[in-house]
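What follows is my_file-v2.txt (compact mmCIF, C-alpha atoms and all ligand atoms).
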```txt
# COMPACT_ATOMS: atom_id res chain seq x y z
CA MET R 567 5.56 -19.83 -21.30
CA THR R 568 6.64 -17.65 -24.13
CA ASP R 569 7.25 -13.98 -23.79
CA ARG R 570 3.96 -13.17 -25.48
CA ALA R 571 0.41 -13.76 -24.27
CA ILE R 572 -3.05 -12.80 -25.50
CA LEU R 573 -5.85 -12.19 -23.04
CA TRP R 574 -8.95 -12.84 -25.13
CA ASP R 575 -12.47 -11.52 -24.61
CA VAL R 576 -11.95 -9.23 -21.67
CA ARG R 577 -13.88 -6.23 -20.50
CA VAL R 578 -11.20 -3.59 -19.97
CA VAL R 579 -11.40 -1.24 -17.01
CA ALA R 580 -8.35 0.92 -17.67
CA GLY R 581 -7.98 2.25 -14.12
CA ASP R 582 -7.81 5.89 -15.14
CA GLY R 583 -11.54 6.55 -14.95
CA SER R 584 -12.29 6.00 -18.66
CA PRO R 585 -15.44 3.94 -19.41
CA PRO R 586 -15.06 0.17 -19.67
CA ALA R 587 -14.53 -1.39 -23.10
CA GLU R 588 -16.28 -4.71 -23.81
CA ARG R 589 -15.05 -7.69 -25.84
CA MET R 590 -11.42 -6.72 -26.12
CA ALA R 591 -8.16 -8.58 -26.58
CA VAL R 592 -5.03 -7.45 -24.76
CA THR R 593 -1.67 -8.65 -26.08
CA VAL R 594 1.34 -8.54 -23.79
CA ALA R 595 4.95 -8.94 -24.93
CA GLY R 596 8.28 -8.19 -23.33
CA GLY R 597 6.58 -7.55 -20.01
CA ARG R 598 4.46 -4.71 -21.37
CA ILE R 599 1.08 -4.22 -22.98
CA GLU R 600 1.63 -4.37 -26.70
CA SER R 601 -1.86 -3.81 -28.02
CA ILE R 602 -5.48 -3.45 -26.96
CA GLY R 603 -8.26 -3.91 -29.49
CA PRO R 604 -11.79 -5.21 -30.08
CA ILE R 605 -12.15 -8.90 -30.93
CA GLY R 606 -15.16 -8.41 -33.19
CA ALA R 607 -16.50 -11.74 -34.43
CA ALA R 608 -13.13 -13.50 -34.38
CA SER R 609 -12.51 -16.65 -32.38
CA PRO R 610 -9.66 -16.94 -29.89
CA PRO R 611 -6.28 -17.56 -31.52
CA PRO R 612 -4.51 -20.77 -30.49
CA GLY R 613 -2.62 -20.35 -27.23
CA SER R 614 -4.57 -17.31 -26.11
CA ILE R 615 -6.13 -17.11 -22.65
CA ASP R 616 -9.90 -16.93 -23.11
CA ALA R 617 -11.36 -14.92 -20.23
CA HIS R 618 -14.95 -15.26 -21.50
CA GLY R 619 -15.89 -11.65 -20.84
CA ARG R 620 -14.36 -11.34 -17.39
CA THR R 621 -13.12 -7.90 -16.29
CA LEU R 622 -9.48 -6.99 -16.84
CA LEU R 623 -8.02 -4.15 -14.84
CA PRO R 624 -4.57 -3.04 -13.78
CA GLY R 625 -2.95 -5.09 -11.03
CA LEU R 626 -3.88 -3.44 -7.75
CA ILE R 627 -1.57 -1.20 -5.76
CA ASP R 628 -1.40 -0.96 -1.98
CA ALA R 629 0.34 2.28 -1.05
CA HIS R 630 0.66 1.57 2.68
CA VAL R 631 1.82 -1.83 3.89
CA HIS R 632 4.24 -2.95 6.57
CA LEU R 633 5.45 -6.24 5.13
CA SER R 634 6.81 -7.61 8.38
CA SER R 635 4.63 -6.06 11.07
CA ASP R 636 1.36 -6.82 9.31
CA THR R 637 2.22 -10.49 9.81
CA SER R 638 3.22 -10.17 13.45
CA ARG R 639 -0.11 -8.51 14.24
CA SER R 640 -2.16 -11.01 12.22
CA PRO R 641 -2.75 -14.03 14.46
CA GLY R 642 -3.02 -17.22 12.45
CA PHE R 643 -1.09 -15.96 9.45
CA GLY R 644 2.37 -16.84 10.71
CA PRO R 645 3.37 -19.90 12.78
CA PRO R 646 1.18 -20.99 15.71
CA GLU R 647 1.69 -19.23 19.03
CA HIS R 648 4.98 -20.05 20.71
CA LEU R 649 4.34 -21.87 23.98
CA HIS R 650 6.58 -21.91 27.04
CA GLY R 651 8.99 -24.83 26.89
CA GLU R 652 8.89 -25.25 23.14
CA GLU R 653 12.02 -25.12 21.03
CA PRO R 654 13.17 -21.53 20.50
CA ARG R 655 12.28 -20.24 17.06
CA ARG R 656 14.93 -19.02 14.73
CA ARG R 657 14.85 -15.38 13.72
CA GLU R 658 15.15 -16.47 10.08
CA LEU R 659 11.68 -18.02 10.15
CA GLY R 660 10.50 -14.47 9.58
CA TYR R 661 11.71 -14.61 5.99
CA PHE R 662 9.49 -17.62 5.28
CA VAL R 663 6.55 -15.68 6.69
CA LEU R 664 7.47 -12.81 4.37
CA ALA R 665 7.45 -15.25 1.43
CA ARG R 666 3.99 -16.38 2.46
CA THR R 667 3.02 -12.70 2.60
CA THR R 668 4.02 -12.02 -1.00
CA THR R 669 2.09 -15.11 -2.13
CA ALA R 670 -1.00 -13.90 -0.28
CA LEU R 671 -0.70 -10.42 -1.80
CA LEU R 672 -0.51 -11.83 -5.34
CA ALA R 673 -3.50 -14.09 -4.70
CA ALA R 674 -5.44 -10.96 -3.74
CA GLY R 675 -4.56 -9.29 -7.05
CA ILE R 676 -1.99 -6.92 -5.61
CA THR R 677 0.94 -6.35 -7.93
CA SER R 678 2.68 -3.35 -6.32
CA VAL R 679 3.13 -2.33 -2.72
CA ARG R 680 4.84 0.53 -0.96
CA ASP R 681 6.41 -0.76 2.25
CA VAL R 682 6.16 2.13 4.71
CA GLY R 683 8.26 0.52 7.42
CA SER R 684 9.39 -2.98 8.37
CA TYR R 685 11.82 -4.31 10.95
CA ASP R 686 15.48 -4.87 10.05
CA ASP R 687 15.12 -3.54 6.49
CA GLU R 688 12.99 -6.55 5.61
CA GLY R 689 11.09 -4.52 3.01
CA ILE R 690 14.36 -4.02 1.15
CA ALA R 691 15.18 -7.74 1.43
CA VAL R 692 11.79 -8.70 -0.04
CA ARG R 693 12.23 -6.18 -2.84
CA GLN R 694 15.60 -7.74 -3.70
CA ALA R 695 14.22 -11.28 -3.59
CA VAL R 696 11.37 -10.34 -5.95
CA ASP R 697 13.61 -8.33 -8.29
CA LEU R 698 16.12 -11.20 -8.48
CA GLY R 699 13.39 -13.70 -9.32
CA LEU R 700 13.90 -15.71 -6.12
CA LEU R 701 10.37 -15.03 -4.99
CA ASP R 702 7.05 -14.45 -6.72
CA GLY R 703 5.64 -11.28 -5.28
CA PRO R 704 4.37 -7.81 -6.01
CA ARG R 705 6.75 -5.03 -6.95
CA VAL R 706 7.99 -3.64 -3.66
CA ILE R 707 8.98 -0.03 -3.07
CA PRO R 708 10.49 0.03 0.43
CA CYS R 709 11.28 3.02 2.62
CA GLY R 710 14.01 1.28 4.56
CA ARG R 711 13.68 2.67 8.07
CA ILE R 712 11.19 5.30 9.11
CA ILE R 713 12.94 8.57 9.97
CA SER R 714 11.65 9.87 13.30
CA ALA R 715 12.75 12.40 15.87
CA THR R 716 13.90 10.69 19.06
CA SER R 717 10.56 9.57 20.41
CA PRO R 718 8.71 7.07 22.63
CA GLY R 719 7.72 5.20 19.45
CA GLY R 720 11.38 4.52 18.79
CA ALA R 721 11.50 2.57 22.05
CA ILE R 722 8.65 0.35 20.81
CA PHE R 723 9.38 -0.02 17.10
CA GLY R 724 13.14 -0.52 17.41
CA THR R 725 14.72 -1.39 14.07
CA MET R 726 11.75 -0.10 12.11
CA TYR R 727 12.89 3.42 12.99
CA ARG R 728 15.94 5.56 12.37
CA GLU R 729 15.79 8.22 15.04
CA ALA R 730 17.52 11.50 14.24
CA ASP R 731 17.52 15.06 15.55
CA GLY R 732 18.48 18.33 13.91
CA PRO R 733 18.55 19.10 10.18
CA ASP R 734 22.02 17.68 9.54
CA GLU R 735 21.26 14.35 11.16
CA MET R 736 17.95 14.18 9.30
CA ARG R 737 19.81 14.68 6.04
CA LYS R 738 22.22 11.94 6.99
CA ALA R 739 19.32 9.63 7.88
CA VAL R 740 17.90 10.15 4.37
CA ARG R 741 21.25 9.32 2.84
CA GLU R 742 21.45 6.15 4.93
CA GLN R 743 18.10 4.92 3.60
CA ILE R 744 19.14 5.59 0.03
CA ARG R 745 22.42 3.77 0.70
CA ALA R 746 20.54 0.80 2.15
CA GLY R 747 18.31 0.46 -0.93
CA ALA R 748 15.18 2.43 -0.11
CA GLY R 749 12.89 3.54 -2.92
CA PHE R 750 11.40 6.49 -1.05
CA ILE R 751 11.62 8.17 2.35
CA LYS R 752 9.09 7.83 5.17
CA VAL R 753 9.01 10.27 8.07
CA MET R 754 7.04 10.63 11.27
CA ALA R 755 5.68 14.18 11.06
CA THR R 756 3.60 13.45 14.18
CA GLY R 757 3.52 10.81 16.89
CA ALA R 758 1.62 7.56 16.40
CA ARG R 759 -1.84 6.62 17.63
CA SER R 760 -0.50 3.20 18.65
CA VAL R 761 1.93 4.59 21.25
CA VAL R 762 0.57 5.62 24.67
CA ARG R 763 3.34 8.10 25.38
CA GLU R 764 3.03 9.89 22.04
CA ASP R 765 0.52 12.67 21.47
CA PRO R 766 -0.43 12.43 17.79
CA GLU R 767 -1.58 16.06 17.73
CA PRO R 768 1.57 18.26 17.62
CA ALA R 769 4.30 18.13 15.01
CA GLN R 770 6.97 15.74 16.26
CA MET R 771 9.83 17.26 14.34
CA MET R 772 10.69 20.86 13.59
CA PRO R 773 9.95 22.43 10.21
CA ALA R 774 13.68 22.84 9.59
CA GLU R 775 14.21 19.12 10.22
CA LEU R 776 11.49 18.07 7.79
CA ALA R 777 12.70 20.65 5.28
CA ALA R 778 16.15 19.02 5.34
CA ILE R 779 14.62 15.58 4.75
CA VAL R 780 12.45 16.71 1.87
CA ASP R 781 15.28 18.71 0.30
CA GLU R 782 17.74 15.83 0.45
CA ALA R 783 15.24 13.25 -0.81
CA HIS R 784 13.90 15.36 -3.66
CA ARG R 785 17.38 16.51 -4.66
CA MET R 786 18.33 12.85 -5.07
CA GLY R 787 15.11 11.91 -6.87
CA PHE R 788 13.24 10.21 -4.03
CA ARG R 789 9.72 10.88 -2.84
CA VAL R 790 8.70 11.53 0.75
CA ALA R 791 5.75 10.05 2.64
CA ALA R 792 4.75 11.60 5.96
CA HIS R 793 2.96 9.86 8.79
CA ALA R 794 0.61 12.67 9.82
CA GLU R 795 -2.23 12.44 12.34
CA GLY R 796 -2.77 15.73 14.18
CA LEU R 797 -3.42 18.92 12.29
CA GLU R 798 -0.25 20.85 13.11
CA GLY R 799 2.11 18.09 11.96
CA THR R 800 -0.04 17.50 8.90
CA ARG R 801 0.04 21.21 8.09
CA MET R 802 3.82 21.22 8.42
CA ALA R 803 4.15 18.17 6.15
CA ILE R 804 1.98 19.72 3.44
CA GLU R 805 3.77 23.06 3.67
CA GLN R 806 7.17 21.36 3.52
CA ASP R 807 6.08 19.70 0.28
CA VAL R 808 5.99 16.00 1.15
CA ASP R 809 4.53 13.87 -1.64
CA THR R 810 2.04 11.75 0.31
CA ILE R 811 0.15 12.20 3.56
CA GLU R 812 -0.37 8.91 5.43
CA HIS R 813 -3.53 8.71 7.58
CA GLY R 814 -4.15 12.50 7.51
CA LEU R 815 -7.34 12.04 9.51
CA SER R 816 -7.46 15.63 10.83
CA LEU R 817 -7.61 17.22 7.39
CA HIS R 818 -11.40 17.58 7.40
CA ARG R 819 -10.79 20.36 9.93
CA ALA R 820 -8.64 22.35 7.50
CA PRO R 821 -10.22 22.84 4.05
CA GLU R 822 -7.39 25.15 3.06
CA LEU R 823 -4.89 22.30 3.43
CA LEU R 824 -7.04 19.99 1.30
CA ALA R 825 -7.14 22.72 -1.34
CA THR R 826 -3.35 22.95 -1.24
CA MET R 827 -3.00 19.17 -1.61
CA ALA R 828 -5.35 19.13 -4.60
CA GLU R 829 -3.46 21.98 -6.23
CA ARG R 830 -0.01 20.47 -5.70
CA GLY R 831 -1.01 16.87 -6.43
CA GLN R 832 -0.08 15.66 -2.95
CA VAL R 833 -1.71 12.26 -2.41
CA LEU R 834 -3.70 11.27 0.67
CA VAL R 835 -3.55 7.64 1.84
CA PRO R 836 -6.38 7.51 4.42
CA THR R 837 -5.75 3.96 5.82
CA LEU R 838 -9.28 3.58 7.21
CA SER R 839 -8.65 -0.04 8.19
CA THR R 840 -6.02 0.84 10.76
CA PHE R 841 -8.62 2.80 12.74
CA HIS R 842 -11.00 -0.16 12.58
CA ASP R 843 -8.12 -2.30 13.89
CA LEU R 844 -7.46 -0.25 16.99
CA SER R 845 -11.10 0.50 17.76
CA GLU R 846 -12.62 -2.91 16.90
CA ARG R 847 -10.23 -5.72 16.00
CA PHE R 848 -7.55 -5.33 18.65
CA VAL R 849 -9.51 -3.88 21.57
CA THR R 850 -8.11 -6.44 24.00
CA CYS R 851 -4.45 -6.07 23.06
CA PHE R 852 -4.02 -2.29 22.97
CA ALA R 853 -4.03 0.08 25.94
CA PRO R 854 -7.63 1.26 26.60
CA VAL R 855 -6.69 4.91 26.14
CA LEU R 856 -5.56 4.12 22.58
CA VAL R 857 -8.74 2.19 21.82
CA GLU R 858 -10.84 5.17 22.91
CA GLN R 859 -8.69 7.55 20.89
CA ALA R 860 -9.05 5.31 17.81
CA LYS R 861 -12.84 5.45 17.98
CA VAL R 862 -12.70 9.23 17.60
CA GLN R 863 -9.96 9.00 14.97
CA GLN R 864 -12.02 6.54 12.93
CA GLN R 865 -14.86 9.05 12.64
CA GLU R 866 -12.38 11.76 11.74
CA ALA R 867 -10.78 9.59 9.08
CA TYR R 868 -14.13 8.93 7.38
CA ALA R 869 -14.99 12.63 7.53
CA THR R 870 -11.63 13.41 5.95
CA VAL R 871 -12.20 11.03 3.02
CA ALA R 872 -15.49 12.79 2.25
CA ALA R 873 -13.92 16.25 2.59
CA ALA R 874 -10.87 15.29 0.53
CA ARG R 875 -13.09 13.94 -2.22
CA ALA R 876 -15.07 17.17 -2.31
CA ALA R 877 -11.82 19.13 -2.49
CA GLY R 878 -10.52 17.05 -5.41
CA VAL R 879 -7.59 15.48 -3.53
CA THR R 880 -6.08 12.36 -5.08
CA MET R 881 -6.59 9.42 -2.71
CA ALA R 882 -4.78 6.08 -2.83
CA MET R 883 -5.57 2.80 -1.13
CA GLY R 884 -3.41 1.81 1.81
CA HIS R 885 -4.54 -1.10 3.99
CA ASP R 886 -2.05 -0.62 6.85
CA SER R 887 -3.45 -3.79 8.40
CA GLY R 888 -3.50 -7.55 8.15
CA PRO R 889 -3.59 -10.36 7.49
CA PRO R 890 -1.76 -10.01 4.17
CA GLY R 891 -4.19 -10.66 1.33
CA ASP R 892 -7.15 -9.06 3.09
CA ASN R 893 -6.06 -5.66 1.76
CA LEU R 894 -9.10 -5.03 -0.44
CA ILE R 895 -11.38 -4.48 2.54
CA GLU R 896 -9.80 -1.03 2.55
CA LEU R 897 -11.30 -0.31 -0.88
CA VAL R 898 -14.73 -1.37 0.35
CA ARG R 899 -14.31 1.04 3.25
CA MET R 900 -13.15 3.88 0.98
CA ALA R 901 -16.18 3.31 -1.25
CA ASP R 902 -18.42 3.43 1.84
CA ALA R 903 -16.71 6.63 3.00
CA GLY R 904 -17.97 8.39 -0.12
CA LEU R 905 -15.77 7.39 -3.04
CA GLY R 906 -18.24 4.96 -4.57
CA ASP R 907 -17.13 2.00 -6.67
CA ALA R 908 -15.53 3.68 -9.68
CA GLU R 909 -13.36 6.06 -7.66
CA ALA R 910 -12.42 3.22 -5.34
CA VAL R 911 -11.03 1.32 -8.36
CA ARG R 912 -8.92 4.36 -9.18
CA ALA R 913 -7.65 4.55 -5.60
CA ALA R 914 -6.01 1.14 -6.09
CA THR R 915 -4.86 1.72 -9.68
CA ALA R 916 -4.04 5.14 -11.17
CA ASN R 917 -4.01 6.92 -7.81
CA GLY R 918 -1.91 4.18 -6.24
CA ALA R 919 0.61 4.63 -9.03
CA ALA R 920 0.59 8.38 -8.36
CA ALA R 921 1.32 7.72 -4.68
CA LEU R 922 4.24 5.48 -5.62
CA GLY R 923 5.51 7.97 -8.21
CA LEU R 924 5.17 5.44 -11.05
CA ASP R 925 3.60 6.23 -14.40
CA ASP R 926 3.65 2.87 -16.16
CA VAL R 927 1.70 0.70 -13.71
CA GLY R 928 -1.85 1.10 -12.44
CA VAL R 929 -3.25 1.61 -15.93
CA VAL R 930 -4.22 -0.60 -18.87
CA ARG R 931 -2.63 1.25 -21.73
CA GLU R 932 -0.42 0.27 -24.66
CA GLY R 933 3.19 0.50 -23.52
CA ALA R 934 2.39 0.21 -19.81
CA VAL R 935 3.86 -2.55 -17.67
CA ALA R 936 1.68 -5.67 -17.98
CA ASP R 937 0.78 -5.95 -14.29
CA LEU R 938 -2.80 -7.06 -14.76
CA LEU R 939 -5.74 -8.56 -12.94
CA VAL R 940 -8.66 -10.50 -14.42
CA VAL R 941 -11.60 -10.72 -12.07
CA ASP R 942 -14.91 -12.58 -12.15
CA GLY R 943 -17.49 -9.83 -11.81
CA ASP R 944 -17.82 -6.08 -12.21
CA PRO R 945 -15.99 -4.00 -9.61
CA LEU R 946 -17.57 -0.84 -11.03
CA ALA R 947 -20.97 -2.17 -9.94
CA GLY R 948 -19.79 -3.33 -6.51
CA ILE R 949 -16.19 -2.99 -5.40
CA ALA R 950 -16.57 -5.82 -2.89
CA VAL R 951 -16.02 -8.42 -5.64
CA LEU R 952 -12.33 -7.51 -5.50
CA ALA R 953 -12.21 -8.59 -1.87
CA GLU R 954 -13.45 -12.11 -2.73
CA ARG R 955 -10.42 -14.28 -3.27
CA GLU R 956 -12.22 -16.86 -5.43
CA ARG R 957 -13.10 -14.13 -7.93
CA ILE R 958 -9.45 -13.29 -8.56
CA TRP R 959 -9.18 -15.27 -11.78
CA LEU R 960 -5.74 -14.35 -13.10
CA VAL R 961 -2.91 -12.10 -11.92
CA LEU R 962 0.00 -11.18 -14.18
CA ILE R 963 3.23 -9.47 -13.21
CA GLY R 964 5.14 -8.10 -16.18
CA GLY R 965 2.97 -10.27 -18.45
CA ARG R 966 3.69 -13.46 -16.50
CA PRO R 967 0.77 -15.30 -14.88
CA VAL R 968 1.57 -15.64 -11.16
CA ALA R 969 -1.72 -16.22 -9.32
CA GLY R 970 -5.47 -16.65 -9.63
CA GLN R 971 -8.12 -19.32 -9.92
CA ALA R 972 -7.27 -19.94 -13.59
CA LEU R 973 -3.92 -21.35 -12.41
CA ALA R 974 -5.39 -23.48 -9.62
CA PRO R 975 -5.08 -27.21 -10.28
CA ALA R 976 -8.29 -28.66 -11.72
CA ARG R 977 -10.47 -30.08 -8.97
CA LEU R 978 -10.96 -33.84 -9.28
ZN ZN T 1001 1.32 2.27 8.79
```
Can the structure in the file be given as structure tokens, please?
Amino acid sequence: MTDRAILWDVRVVAGDGSPPAERMAVTVAGGRIESIGPIGAASPPPGSIDAHGRTLLPGLIDAHVHLSSDTSRSPGFGPPEHLHGEEPRRRELGYFVLARTTTALLAAGITSVRDVGSYDDEGIAVRQAVDLGLLDGPRVIPCGRIISATSPGGAIFGTMYREADGPDEMRKAVREQIRAGAGFIKVMATGARSVVREDPEPAQMMPAELAAIVDEAHRMGFRVAAHAEGLEGTRMAIEQDVDTIEHGLSLHRAPELLATMAERGQVLVPTLSTFHDLSERFVTCFAPVLVEQAKVQQQEAYATVAAARAAGVTMAMGHDSGPPGDNLIELVRMADAGLGDAEAVRAATANGAAALGLDDVGVVREGAVADLLVVDGDPLAGIAVLAERERIWLVLIGGRPVAGQALAPARL
């Protein structure tokens, strides 16, 4: 494979909301998009990849994944259940499951993910493995450990959390994540809906604590994502100038906060799928009180997507669920919640890039990074085609084909 490739006869959906362009050729070189132009009546140059009119769009971005925990809560994705009496399993097996995760994400057309919390800094380990070329996978932006006030969730999530109290310790916790290799900072502005002994309604840390986190992160050039469920913690996070609101399901109750988010460019990652998980998929393995709470939260989350859209808030796709590779169901849900197909495409492209703080992915534009997806079908006429694995025809990372049906061995 040379450094240069031509994708011939594609229909370009740029990802930024501009209308699609038919019968185009996209040339990639040096990992970036070199040129985009109409093919006219020409025939495909030798060595080009003829896509026969399929749709080319930016590689998709998932702004809310947990690389390790989404496997542990996805039965059937990892190894079979461990039975009593069987050989103990080595801790290191987890890294092979993570490798399977990155393969599954690529096969789904996902070329960038923001890891919003994994055990034992595994998000950072995956990011290194991908960056060093040891592993084919999406670009990973990891948070390291989630910074939380001392909380009941810390007793459950263990090494996924860095508990801290008081502004100085919060500042130190930010510095520790940067030292460990994080690409942004994740905080728990409120408790979590998956923890019986946490009330997701009030703010879980004090404004001065969050202010210290945001100040330290921004001063050093890192963005801040806030887990925010109840209204008071969400209000605090928006007022303290975090960059993204995760979940944010209560926002439909506070139009003034949605207006502030739209004005400041703060991104909402609604994670609808996680509410489906707790209220439908995992009803037998979560405490009943949490299942009941999730049913209400699910309705709130859908109401918030509609209200945020009306307010002009930028929304990005975040699956926050499993199994890895099933991420695009979140886009179908966002479309159903009121975004429609075209805005749903943006949620996983330009808006995803905005959530990650990147400006050269999530768009098909000359000079942008050549993270690209060629799909069989028209996502603008029905976003669900993106969720069908067999329609993912070709996935490129930095101009290099890494997944898709076009690479599958010919069937005999
Ligand atoms: Zn999450």
query = Quick one, how far is atom CA of Glu764 of chain R from atom CA of Leu815 of chain R?
reply = 16.4 Å
key: Protein and nucleic residues near ligand ZN 1001 (chain T), 12 Å, only C-alpha atoms and all ligand atoms, as a VMD selection string   = chain R and resid 628 to 636 680 to 684 709 712 723 726 752 to 754 757 to 760 791 to 795 811 to 814 835 to 841 843 884 to 888
Can you spit out the residues from that selection as a compact mmCIF listing (two decimals), keeping the file's coordinate frame, using C-alpha atoms?
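Saved result, result09.txt, follows:
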```txt
# COMPACT_ATOMS: atom_id res chain seq x y z
CA ASP R 628 -1.40 -0.96 -1.98
CA ALA R 629 0.34 2.28 -1.05
CA HIS R 630 0.66 1.57 2.68
CA VAL R 631 1.82 -1.83 3.89
CA HIS R 632 4.24 -2.95 6.57
CA LEU R 633 5.45 -6.24 5.13
CA SER R 634 6.81 -7.61 8.38
CA SER R 635 4.63 -6.06 11.07
CA ASP R 636 1.36 -6.82 9.31
CA ARG R 680 4.84 0.53 -0.96
CA ASP R 681 6.41 -0.76 2.25
CA VAL R 682 6.16 2.13 4.71
CA GLY R 683 8.26 0.52 7.42
CA SER R 684 9.39 -2.98 8.37
CA CYS R 709 11.28 3.02 2.62
CA ILE R 712 11.19 5.30 9.11
CA PHE R 723 9.38 -0.02 17.10
CA MET R 726 11.75 -0.10 12.11
CA LYS R 752 9.09 7.83 5.17
CA VAL R 753 9.01 10.27 8.07
CA MET R 754 7.04 10.63 11.27
CA GLY R 757 3.52 10.81 16.89
CA ALA R 758 1.62 7.56 16.40
CA ARG R 759 -1.84 6.62 17.63
CA SER R 760 -0.50 3.20 18.65
CA ALA R 791 5.75 10.05 2.64
CA ALA R 792 4.75 11.60 5.96
CA HIS R 793 2.96 9.86 8.79
CA ALA R 794 0.61 12.67 9.82
CA GLU R 795 -2.23 12.44 12.34
CA ILE R 811 0.15 12.20 3.56
CA GLU R 812 -0.37 8.91 5.43
CA HIS R 813 -3.53 8.71 7.58
CA GLY R 814 -4.15 12.50 7.51
CA VAL R 835 -3.55 7.64 1.84
CA PRO R 836 -6.38 7.51 4.42
CA THR R 837 -5.75 3.96 5.82
CA LEU R 838 -9.28 3.58 7.21
CA SER R 839 -8.65 -0.04 8.19
CA THR R 840 -6.02 0.84 10.76
CA PHE R 841 -8.62 2.80 12.74
CA ASP R 843 -8.12 -2.30 13.89
CA GLY R 884 -3.41 1.81 1.81
CA HIS R 885 -4.54 -1.10 3.99
CA ASP R 886 -2.05 -0.62 6.85
CA SER R 887 -3.45 -3.79 8.40
CA GLY R 888 -3.50 -7.55 8.15
```
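Picture a line from atom CA of Ile779 of chain R to atom CA of Lys738 of chain R; it runs 8.7 Å.
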Using only the atoms of segment 703-718 of chain R listed in the file, plus 5 Å on each side, state the axis-aligned box centre and edge lengths in Å rounded to one decimal, as lines of an AutoDock Vina configuration file.
```
center_x = 9.2
center_y = 0.6
center_z = 7.8
size_x = 19.6
size_y = 33.7
size_z = 39.6
```
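Using only C-alpha atoms, every residue with an atom at most 10 Å from the point (3.1, 19.4, 5.7) is listed here: Ala755, Ala769, Pro773, Leu776, Ala777, Ala792, Ala794, Leu797, Glu798, Gly799, Thr800, Arg801, Met802, Ala803, Ile804, Glu805, Gln806, Asp807, Val808, Asp809, Thr810, Ile811, Leu823, Met827 and Gln832 of chain R.
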query = Using all atoms listed in the file, which residues sit within 12 Å of Val692 of chain R once same-chain residues fewer than 2 positions away are excluded, as a PyMOL selection string?
reply = chain R and resi 632-634+660-669+679-681+684-690+694-708+710+747-748
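Separating atom CA of Ile744 of chain R from atom CA of Asp926 of chain R is a distance of 22.6 Å.
Look at Leu623 of chain R: the protein and nucleic acid residues within 6 Å of it, using all atoms listed in the file and passing over chain neighbours fewer than 6 places away, are Val579, Ala580, Leu938 and Leu939 of chain R.
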Can you write just those residues out, C-alpha atoms, as a CSV table (one decimal), in the frame of the given file?
```csv
chain,number,residue,atom,x,y,z
R,579,VAL,CA,-11.4,-1.2,-17.0
R,580,ALA,CA,-8.4,0.9,-17.7
R,938,LEU,CA,-2.8,-7.1,-14.8
R,939,LEU,CA,-5.7,-8.6,-12.9
```
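Counting only C-alpha atoms, the residue from R:Gln743, R:Asp569, R:Ser609, R:Arg737 that sits nearest to Ala774 of chain R is R:Arg737.
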